[in-house]
Structures are given as C-alpha cells and as structure tokens.
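What follows is a single structure, written as structure tokens, with notes after it.
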Amino acid sequence: EPEVTQTPSHQVTQMGQEVILRCVPISNHLYFYWYRQILGQKVEFLVSFYNNEISEKSEIFDDQFSVERPDGSNFTLKIRSTKLEDSAMYFCASSETVLDPSSGNTIYFGEGSWLTVV
Amino acid sequence: GENVEQHPSTLSVQEGDSAVIKCTYSDSASNYFPWYKQELGKRPQLIIDIRSNVGEKKDQRIAVTLNKTAKHFSLHITETQPEDSAVYFCAASLTAWYGQNFVFGPGTRLSVLP
C-alpha cells in the first residue's frame, strides 16, 4: 500500500537554526499538507499546497515557515530561525483529487518528523 | 473558522464493553468527518469516516453517526479490546477546489482495561 514518507524521523537543532523537513507524498495525490502536533496536544493544520502554490494556511504558518515542491516528488517544510516552541511532531499528508466538492477525501499522514529545538 | 470539540478527554472501559466518543463542530458547511486513531509516537491512522450525505456508517466493531442538524458526530466502538487503547481524534473538513482543511478535535485517550 502506498504511503507518505518523511525524513528525518527525528531532528535536534539549536535555537535560531534553519530546519528543512522532507516529505514524499503518495504518487498520484495532488494535494499536500503539513500539520503539527505539540506533545500531548491535538493535530494542528499549518498549510495546504495545490498546483504548486499554497492554497490555504493557518495563523501558525507565519513568515518563519515556507513550503516548496522542488521536484516532482518531494514536498518540503522549511522553518527559519527555529524557536523553542517549534518543538513538535510535524506530519506531512496528502490526498487525491477532489472529484466531488460535496464529499470529502481521506488524507493520509506520514510517520512524522519529530523536531526538538534546544 | 471551524471549531471542533470532543468529549470525553479520557475514557476508561472494561474489555468487552462499548466506548462512545462525541464531537461537535461549528461550521455547517463542513462535509467530511474522519476519525483517527493515534498510538503513542505514531501517525494518526484513519479508522472510519463519514460524509455529510450519510447518517451512519459501520465497519465491523466501529461505527460513526452524524447528525447534521445538531452538528455532532459520534464514534462507537463495541466489544472493546486492549489493542483499542489509544488516542482518538475526530476531525471536520470542508472540501474545496484547493483541497481540504481538517480541523481536529482535542482528542480522547481511551484505555481498555483487561
């Protein structure tokens, strides 16, 4: 069964450093997402990406964050100048084409990248 | 924007008993409601979902009901087993041409006691 894959699984970084989290969505999916989960808390939406541009973003996704699809398979989340409060599990997700706006599609999560900022 | 509430935050049941988790949502335009199970340190795994044109859906021991008028939906697990122990998240989403924005509930920690 195809899966969303993420690297690294765990990264420790110094406060103020830049971090890039990488994701390979499921190959026939066209919608890509990043979510964040602080330890013990709920999963929070960061950004969605479609047709090579950001389609929606939350208030968490400020100028510190950026996303990119540098080639046909990878989808990256860059965090500039990391802060202690950026420590969290970051999940990439993808979903298929929305054929019918009256229904929803399942999104599939990757295993997550655990970011620790020290 | 959408707001999803979930109750209870923790739930303990005896093995074999049923468990019910309830969620409410605020945006009447939301049309897709998945439930995810998350074990410690792992990704959320979809266990069942329901779309707004359906009132109930069942998959073996798991069922979900949706009341669009009241804007709430519930997860029902029957004959619970210890391996059902996990955190369960509900979510609501509105489907648009640009994709979906899932808003998750705060989660319910289910413990099934042997």
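Quick note on naming: the chains in the structure tokens go A, B, ... in the order shown, residues restart at 1 in each chain, and ligands are numbered from 1 in order of appearance.
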
At a cut-off of 10 Å, can you tabulate as a Markdown table every residue of chain A near chain B together with its closest atom pair and the distance in Å to one decimal, using only C-alpha atoms and ordering rows by chain then number?
```
| residue | atom | partner | partner_atom | distance |
| --- | --- | --- | --- | --- |
| A:Leu30 | CA | B:Gly99 | CA | 8.8 |
| A:Tyr31 | CA | B:Gly99 | CA | 6.1 |
| A:Phe32 | CA | B:Gly99 | CA | 8.4 |
| A:Tyr33 | CA | B:Asn101 | CA | 8.8 |
| A:Tyr35 | CA | B:Phe102 | CA | 9.5 |
| A:Leu39 | CA | B:Gly41 | CA | 9.2 |
| A:Gly40 | CA | B:Gly107 | CA | 9.4 |
| A:Gln41 | CA | B:Pro106 | CA | 6.7 |
| A:Lys42 | CA | B:Pro106 | CA | 4.9 |
| A:Val43 | CA | B:Phe104 | CA | 6.1 |
| A:Glu44 | CA | B:Phe104 | CA | 6.9 |
| A:Phe45 | CA | B:Phe102 | CA | 6.8 |
| A:Leu46 | CA | B:Asn101 | CA | 9.3 |
| A:Val47 | CA | B:Asn101 | CA | 8.4 |
| A:Ser48 | CA | B:Gly99 | CA | 7.3 |
| A:Phe49 | CA | B:Tyr98 | CA | 7.8 |
| A:Tyr50 | CA | B:Tyr98 | CA | 6.1 |
| A:Asn51 | CA | B:Tyr98 | CA | 8.5 |
| A:Glu53 | CA | B:Tyr98 | CA | 9.8 |
| A:Ile54 | CA | B:Tyr98 | CA | 9.0 |
| A:Ser55 | CA | B:Tyr98 | CA | 5.8 |
| A:Glu56 | CA | B:Asn101 | CA | 7.8 |
| A:Lys57 | CA | B:Asn101 | CA | 8.9 |
| A:Ser58 | CA | B:Asn101 | CA | 9.4 |
| A:Met89 | CA | B:Gly41 | CA | 8.8 |
| A:Tyr90 | CA | B:Arg43 | CA | 9.8 |
| A:Phe91 | CA | B:Arg43 | CA | 7.6 |
| A:Cys92 | CA | B:Arg43 | CA | 9.8 |
| A:Ser94 | CA | B:Gly99 | CA | 9.6 |
| A:Ser95 | CA | B:Gly99 | CA | 8.0 |
| A:Glu96 | CA | B:Gly99 | CA | 8.9 |
| A:Thr97 | CA | B:Gly99 | CA | 8.0 |
| A:Val98 | CA | B:Trp97 | CA | 6.8 |
| A:Leu99 | CA | B:Trp97 | CA | 8.8 |
| A:Asp100 | CA | B:Thr95 | CA | 8.5 |
| A:Pro101 | CA | B:Thr95 | CA | 5.6 |
| A:Ser102 | CA | B:Asn31 | CA | 6.8 |
| A:Ser103 | CA | B:Arg51 | CA | 6.1 |
| A:Gly104 | CA | B:Tyr32 | CA | 4.9 |
| A:Asn105 | CA | B:Tyr32 | CA | 7.6 |
| A:Thr106 | CA | B:Pro34 | CA | 7.6 |
| A:Ile107 | CA | B:Leu46 | CA | 8.4 |
| A:Tyr108 | CA | B:Leu46 | CA | 7.8 |
| A:Phe109 | CA | B:Arg43 | CA | 6.4 |
| A:Gly110 | CA | B:Arg43 | CA | 6.5 |
| A:Glu111 | CA | B:Arg43 | CA | 4.9 |
| A:Gly112 | CA | B:Arg43 | CA | 6.4 |
| A:Ser113 | CA | B:Arg43 | CA | 9.9 |
| A:Trp114 | CA | B:Gly41 | CA | 9.1 |
```

Using only C-alpha atoms, please write the residues we just selected to a file, as a PDB file, in the first residue's frame.
```pdb
ATOM      1  CA  LEU A  30      -2.305  16.271  -5.880  1.00  0.00           C
ATOM      2  CA  TYR A  31      -2.992  17.910  -2.516  1.00  0.00           C
ATOM      3  CA  PHE A  32      -0.307  18.196   0.106  1.00  0.00           C
ATOM      4  CA  TYR A  33      -0.435  19.331   3.697  1.00  0.00           C
ATOM      5  CA  TYR A  35       0.302  19.547  10.214  1.00  0.00           C
ATOM      6  CA  LEU A  39       3.486  16.762  22.568  1.00  0.00           C
ATOM      7  CA  GLY A  40       0.222  15.744  24.188  1.00  0.00           C
ATOM      8  CA  GLN A  41      -1.876  18.146  22.159  1.00  0.00           C
ATOM      9  CA  LYS A  42      -4.097  17.934  19.113  1.00  0.00           C
ATOM     10  CA  VAL A  43      -3.035  17.891  15.498  1.00  0.00           C
ATOM     11  CA  GLU A  44      -2.996  21.439  14.073  1.00  0.00           C
ATOM     12  CA  PHE A  45      -3.213  22.481  10.440  1.00  0.00           C
ATOM     13  CA  LEU A  46      -0.301  24.500   9.084  1.00  0.00           C
ATOM     14  CA  VAL A  47      -0.634  24.718   5.319  1.00  0.00           C
ATOM     15  CA  SER A  48      -2.119  23.128   2.232  1.00  0.00           C
ATOM     16  CA  PHE A  49      -0.493  23.118  -1.197  1.00  0.00           C
ATOM     17  CA  TYR A  50      -2.038  22.534  -4.592  1.00  0.00           C
ATOM     18  CA  ASN A  51      -0.949  23.213  -8.129  1.00  0.00           C
ATOM     19  CA  GLU A  53       1.235  27.038  -4.642  1.00  0.00           C
ATOM     20  CA  ILE A  54      -0.079  27.495  -1.140  1.00  0.00           C
ATOM     21  CA  SER A  55      -3.859  27.195  -1.186  1.00  0.00           C
ATOM     22  CA  GLU A  56      -4.529  27.807   2.489  1.00  0.00           C
ATOM     23  CA  LYS A  57      -2.529  28.442   5.640  1.00  0.00           C
ATOM     24  CA  SER A  58      -3.237  28.822   9.317  1.00  0.00           C
ATOM     25  CA  MET A  89       5.929  16.374  15.620  1.00  0.00           C
ATOM     26  CA  TYR A  90       5.419  17.604  12.063  1.00  0.00           C
ATOM     27  CA  PHE A  91       3.199  15.474   9.871  1.00  0.00           C
ATOM     28  CA  CYS A  92       3.065  15.653   6.119  1.00  0.00           C
ATOM     29  CA  SER A  94      -1.566  14.080   1.021  1.00  0.00           C
ATOM     30  CA  SER A  95      -4.917  13.434  -0.608  1.00  0.00           C
ATOM     31  CA  GLU A  96      -6.283  12.604  -4.006  1.00  0.00           C
ATOM     32  CA  THR A  97      -8.034  14.859  -6.448  1.00  0.00           C
ATOM     33  CA  VAL A  98     -11.287  16.245  -5.170  1.00  0.00           C
ATOM     34  CA  LEU A  99     -13.706  14.957  -7.750  1.00  0.00           C
ATOM     35  CA  ASP A 100     -16.847  15.988  -5.983  1.00  0.00           C
ATOM     36  CA  PRO A 101     -16.901  19.133  -3.803  1.00  0.00           C
ATOM     37  CA  SER A 102     -19.925  17.746  -1.980  1.00  0.00           C
ATOM     38  CA  SER A 103     -17.851  14.961  -0.494  1.00  0.00           C
ATOM     39  CA  GLY A 104     -14.519  14.769   1.205  1.00  0.00           C
ATOM     40  CA  ASN A 105     -11.409  12.748   0.623  1.00  0.00           C
ATOM     41  CA  THR A 106      -9.298  10.898   3.085  1.00  0.00           C
ATOM     42  CA  ILE A 107      -5.929  12.417   3.819  1.00  0.00           C
ATOM     43  CA  TYR A 108      -3.029  10.109   4.534  1.00  0.00           C
ATOM     44  CA  PHE A 109      -0.417  11.027   7.082  1.00  0.00           C
ATOM     45  CA  GLY A 110       3.269  10.273   7.046  1.00  0.00           C
ATOM     46  CA  GLU A 111       5.035   8.875  10.096  1.00  0.00           C
ATOM     47  CA  GLY A 112       6.054  12.338  11.188  1.00  0.00           C
ATOM     48  CA  SER A 113       9.262  14.210  11.848  1.00  0.00           C
ATOM     49  CA  TRP A 114       9.940  14.880  15.490  1.00  0.00           C
TER      50      TRP A 114
END
```

Name all residues at most 8 Å from Ile62 (chain B) (count only C-alpha atoms; drop same-chain ones fewer than 4 positions away) and give them as an NGL selection string.
-> :B and (48 or 58 or 75-78)

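Going from CA of Gln38 (chain B) over to CA of Tyr88 (chain B), you cover 6.2 Å.
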
Name the residues in contact with Pro25 (chain A) at a cut-off of 8 Å, using only C-alpha atoms, excluding same-chain residues fewer than 2 positions from it; report them as a ChimeraX atom specification.
-> /A:3-5,23,27,29,32,73-75,92-94

Extract, using only C-alpha atoms, all DNA, RNA and protein residues at most 7 Å from Glu2 (chain B), discarding same-chain residues fewer than 3 positions from it, and format them as a short mmCIF file (atom, residue, chain, number, x, y, z; two decimals) with all heavy atoms, in the first residue's frame.
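Final output, around_35.cif:
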```cif
data_model
loop_
_atom_site.label_atom_id
_atom_site.label_comp_id
_atom_site.auth_asym_id
_atom_site.auth_seq_id
_atom_site.Cartn_x
_atom_site.Cartn_y
_atom_site.Cartn_z
N TYR B 25 -19.16 20.23 15.90
CA TYR B 25 -18.46 21.15 15.02
C TYR B 25 -19.29 22.40 14.84
O TYR B 25 -20.49 22.41 15.11
CB TYR B 25 -18.12 20.49 13.68
CG TYR B 25 -19.31 20.03 12.87
CD1 TYR B 25 -19.80 20.78 11.81
CD2 TYR B 25 -19.93 18.81 13.15
CE1 TYR B 25 -20.87 20.35 11.06
CE2 TYR B 25 -21.01 18.37 12.41
CZ TYR B 25 -21.47 19.13 11.36
OH TYR B 25 -22.54 18.70 10.62
N SER B 26 -18.66 23.46 14.37
CA SER B 26 -19.36 24.75 14.33
C SER B 26 -19.76 25.18 12.92
O SER B 26 -20.75 25.91 12.76
CB SER B 26 -18.49 25.83 14.97
OG SER B 26 -17.27 25.97 14.27
N ASP B 27 -19.02 24.75 11.92
CA ASP B 27 -19.27 25.23 10.56
C ASP B 27 -20.22 24.28 9.83
O ASP B 27 -19.84 23.15 9.50
CB ASP B 27 -17.94 25.34 9.80
CG ASP B 27 -18.09 26.03 8.45
OD1 ASP B 27 -19.24 26.20 7.99
OD2 ASP B 27 -17.05 26.38 7.86
N VAL B 103 -9.86 20.30 10.60
CA VAL B 103 -9.76 20.83 11.96
C VAL B 103 -10.01 19.65 12.90
O VAL B 103 -11.07 19.01 12.83
CB VAL B 103 -10.76 21.96 12.21
CG1 VAL B 103 -10.68 22.43 13.67
CG2 VAL B 103 -10.49 23.13 11.27
#
```

Grab the CA of Gln11 (chain A) to CA of Val24 (chain A) distance for me, in Å with one decimal place.
-> 17.5 Å

Surrounding residues of Gln14 (chain B) excluding itself and chain neighbours under 3 positions, 6 Å, only C-alpha atoms, as a PDB file with N, CA, C and O atoms, in the first residue's frame:
```
ATOM      1  N   ASP B  17     -16.674  -4.083  26.830  1.00  0.00           N
ATOM      2  CA  ASP B  17     -17.698  -3.043  26.890  1.00  0.00           C
ATOM      3  C   ASP B  17     -17.611  -2.154  25.655  1.00  0.00           C
ATOM      4  O   ASP B  17     -16.679  -2.252  24.853  1.00  0.00           O
ATOM      5  N   VAL B 112      -8.565   0.633  27.540  1.00  0.00           N
ATOM      6  CA  VAL B 112      -9.382  -0.565  27.670  1.00  0.00           C
ATOM      7  C   VAL B 112      -8.703  -1.473  28.672  1.00  0.00           C
ATOM      8  O   VAL B 112      -7.582  -1.949  28.448  1.00  0.00           O
ATOM      9  N   LEU B 113      -9.374  -1.691  29.775  1.00  0.00           N
ATOM     10  CA  LEU B 113      -8.784  -2.435  30.888  1.00  0.00           C
ATOM     11  C   LEU B 113      -9.105  -3.922  30.736  1.00  0.00           C
ATOM     12  O   LEU B 113     -10.249  -4.299  30.547  1.00  0.00           O
TER      13      LEU B 113
END
```

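Note that the spacing between CA of Ala63 (chain B) and CA of Ser28 (chain B) amounts to 21.8 Å.
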
Would you please extract all strand (DSSP E or B) residues from chain B, as assigned by DSSP on the backbone, and give them as a PyMOL selection string?
-> chain B and resi 4-7+10-14+19-25+32-38+45-51+56-59+62-67+72-77+86-96+99-104+108-113
